[in-house]
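A.B. asks: Data file run.txt (compact mmCIF, C-alpha atoms) is appended below.
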```
# COMPACT_ATOMS: atom_id res chain seq x y z
CA MET X 1 5.34 -3.87 -2.24
CA VAL X 2 3.68 -5.56 -5.18
CA VAL X 3 6.86 -7.49 -5.97
CA THR X 4 6.88 -8.97 -2.46
CA ILE X 5 3.69 -10.95 -3.01
CA PRO X 6 5.11 -13.20 -5.78
CA ILE X 7 8.34 -13.63 -3.79
CA ALA X 8 6.24 -15.22 -1.06
CA PHE X 9 5.25 -17.97 -3.51
CA PHE X 10 8.33 -18.29 -5.77
CA GLU X 11 11.99 -18.77 -4.93
CA PRO X 12 13.72 -15.68 -6.44
CA SER X 13 17.05 -17.41 -7.11
CA THR X 14 15.66 -20.48 -8.92
CA GLY X 15 12.17 -19.45 -10.00
CA GLN X 16 10.67 -22.61 -8.54
CA ILE X 17 7.38 -22.59 -6.64
CA ARG X 18 7.93 -22.84 -2.89
CA GLU X 19 6.50 -25.89 -1.12
CA GLN X 20 5.55 -23.74 1.88
CA PRO X 21 4.87 -20.14 0.83
CA PHE X 22 5.75 -17.29 3.18
CA PHE X 23 2.24 -16.23 4.12
CA THR X 24 3.54 -13.68 6.62
CA LEU X 25 5.48 -11.99 3.83
CA MET X 26 2.41 -11.96 1.61
CA TRP X 27 0.16 -10.50 4.33
CA ALA X 28 2.80 -7.92 5.28
CA ALA X 29 2.96 -6.76 1.65
CA ILE X 30 -0.84 -6.53 1.45
CA ALA X 31 -0.95 -4.61 4.74
CA GLY X 32 1.72 -2.23 3.45
CA ILE X 33 -0.26 -1.55 0.29
CA ILE X 34 -3.41 -0.90 2.34
CA ILE X 35 -1.54 1.48 4.66
CA ILE X 36 -0.14 3.43 1.71
CA VAL X 37 -3.59 3.74 0.10
CA LEU X 38 -5.23 4.81 3.36
CA TYR X 39 -2.52 7.35 4.14
CA SER X 40 -2.61 8.88 0.67
CA SER X 41 -6.40 9.22 0.77
CA TYR X 42 -6.19 10.75 4.27
CA LYS X 43 -3.55 13.23 3.11
CA GLU X 44 -5.56 14.11 0.00
CA ARG X 45 -8.70 14.66 2.09
CA LYS X 46 -6.85 17.00 4.46
CA GLU X 47 -5.48 19.00 1.51
CA ARG X 48 -8.97 19.24 0.01
CA GLN X 49 -10.41 20.42 3.35
CA ALA X 50 -7.73 23.11 3.61
CA ALA X 51 -8.38 24.25 0.04
CA ASN X 52 -12.13 24.39 0.68
CA ALA X 53 -11.64 26.37 3.90
CA LYS X 54 -9.35 28.82 2.10
CA ARG X 55 -11.84 29.19 -0.74
CA ARG X 56 -14.72 29.81 1.67
CA SER X 57 -12.80 32.44 3.62
CA ARG X 58 -12.31 34.53 0.46
CA LYS X 59 -16.04 35.25 0.14
```
Any chance you could give the structure as structure tokens?

C.D. replies:
Amino acid sequence: MVVTIPIAFFEPSTGQIREQPFFTLMWAAIAGIIIIVLYSSYKERKERQAANAKRRSRK
């Protein structure tokens, strides 16, 4: 995902800066990163809730 952002601005085969960058590619990469971060935090929160519920039920 992070590699995609520079590819939007540089031509991978020559290394030259593109005259017209691929903004859709850049925004898609940023959106993908955001989705991954949101999903991982959601998953972590659900695991923490389950662990807390299990810990409370032991008392």

A.B. asks: How many Å separate CA of Ser40 in chain X from CA of Phe9 in chain X?

C.D. replies: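 About the pair CA of Ser40 in chain X and CA of Phe9 in chain X: they are 28.3 Å apart.
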
A.B. asks: So how far away is CA of Thr14 in chain X from CA of Ile30 in chain X, in Å?

C.D. replies: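 That distance, rounded to one decimal, is 24.0 Å.
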
A.B. asks: To one decimal in Å, tell me the separation between CA of Leu25 in chain X and CA of Ile7 in chain X.

C.D. replies: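 Taking CA of Leu25 in chain X as the start and CA of Ile7 in chain X as the end point, the length is 8.3 Å.
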
A.B. asks: When you look at Trp27 in chain X with a cut-off of 10 Å (counting all atoms listed in the file), what residues show up, excluding the ones that are within fewer than 6 positions of it in the same chain? I need them as a VMD selection string.

C.D. replies: chain X and resid 4 to 5 8 33

A.B. asks: Show which residues sit within 12 Å of Ala29 in chain X, as a list in words. Count all atoms listed in the file, and ignore same-chain residues fewer than 5 positions away.

C.D. replies: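 Returned residues: Met1, Val2, Val3, Thr4, Ile5, Pro6, Ile7, Ala8, Phe22, Phe23, Thr24, Ile34, Ile35 and Ile36 of chain X.
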
A.B. asks: Regenerate range 35-49 of chain X at the level of N, CA and C atoms and dump it as a PDB file, in the frame of the given file.

C.D. replies:
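Result file selection_32.pdb:
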```
ATOM      1  N   ILE X  35      -1.963   0.305   3.887  1.00  0.00           N
ATOM      2  CA  ILE X  35      -1.540   1.480   4.660  1.00  0.00           C
ATOM      3  C   ILE X  35      -1.195   2.640   3.750  1.00  0.00           C
ATOM      4  N   ILE X  36      -0.506   2.361   2.651  1.00  0.00           N
ATOM      5  CA  ILE X  36      -0.140   3.430   1.710  1.00  0.00           C
ATOM      6  C   ILE X  36      -1.392   4.045   1.094  1.00  0.00           C
ATOM      7  N   VAL X  37      -2.351   3.226   0.704  1.00  0.00           N
ATOM      8  CA  VAL X  37      -3.590   3.740   0.100  1.00  0.00           C
ATOM      9  C   VAL X  37      -4.377   4.564   1.111  1.00  0.00           C
ATOM     10  N   LEU X  38      -4.499   4.074   2.335  1.00  0.00           N
ATOM     11  CA  LEU X  38      -5.230   4.810   3.360  1.00  0.00           C
ATOM     12  C   LEU X  38      -4.555   6.139   3.690  1.00  0.00           C
ATOM     13  N   TYR X  39      -3.227   6.123   3.821  1.00  0.00           N
ATOM     14  CA  TYR X  39      -2.520   7.350   4.140  1.00  0.00           C
ATOM     15  C   TYR X  39      -2.639   8.382   3.022  1.00  0.00           C
ATOM     16  N   SER X  40      -2.517   7.933   1.780  1.00  0.00           N
ATOM     17  CA  SER X  40      -2.610   8.880   0.670  1.00  0.00           C
ATOM     18  C   SER X  40      -4.013   9.475   0.563  1.00  0.00           C
ATOM     19  N   SER X  41      -5.043   8.675   0.814  1.00  0.00           N
ATOM     20  CA  SER X  41      -6.400   9.220   0.770  1.00  0.00           C
ATOM     21  C   SER X  41      -6.642  10.167   1.937  1.00  0.00           C
ATOM     22  N   TYR X  42      -6.063   9.863   3.111  1.00  0.00           N
ATOM     23  CA  TYR X  42      -6.190  10.750   4.270  1.00  0.00           C
ATOM     24  C   TYR X  42      -5.508  12.090   3.981  1.00  0.00           C
ATOM     25  N   LYS X  43      -4.308  12.023   3.417  1.00  0.00           N
ATOM     26  CA  LYS X  43      -3.550  13.230   3.110  1.00  0.00           C
ATOM     27  C   LYS X  43      -4.284  14.068   2.059  1.00  0.00           C
ATOM     28  N   GLU X  44      -4.818  13.411   1.056  1.00  0.00           N
ATOM     29  CA  GLU X  44      -5.560  14.110   0.000  1.00  0.00           C
ATOM     30  C   GLU X  44      -6.811  14.781   0.566  1.00  0.00           C
ATOM     31  N   ARG X  45      -7.495  14.093   1.474  1.00  0.00           N
ATOM     32  CA  ARG X  45      -8.700  14.660   2.090  1.00  0.00           C
ATOM     33  C   ARG X  45      -8.366  15.900   2.912  1.00  0.00           C
ATOM     34  N   LYS X  46      -7.260  15.844   3.660  1.00  0.00           N
ATOM     35  CA  LYS X  46      -6.850  17.000   4.460  1.00  0.00           C
ATOM     36  C   LYS X  46      -6.499  18.185   3.563  1.00  0.00           C
ATOM     37  N   GLU X  47      -5.813  17.930   2.448  1.00  0.00           N
ATOM     38  CA  GLU X  47      -5.480  19.000   1.510  1.00  0.00           C
ATOM     39  C   GLU X  47      -6.752  19.605   0.909  1.00  0.00           C
ATOM     40  N   ARG X  48      -7.708  18.765   0.574  1.00  0.00           N
ATOM     41  CA  ARG X  48      -8.970  19.240   0.010  1.00  0.00           C
ATOM     42  C   ARG X  48      -9.731  20.082   1.033  1.00  0.00           C
ATOM     43  N   GLN X  49      -9.737  19.656   2.299  1.00  0.00           N
ATOM     44  CA  GLN X  49     -10.410  20.420   3.350  1.00  0.00           C
ATOM     45  C   GLN X  49      -9.763  21.794   3.526  1.00  0.00           C
TER      46      GLN X  49
END
```
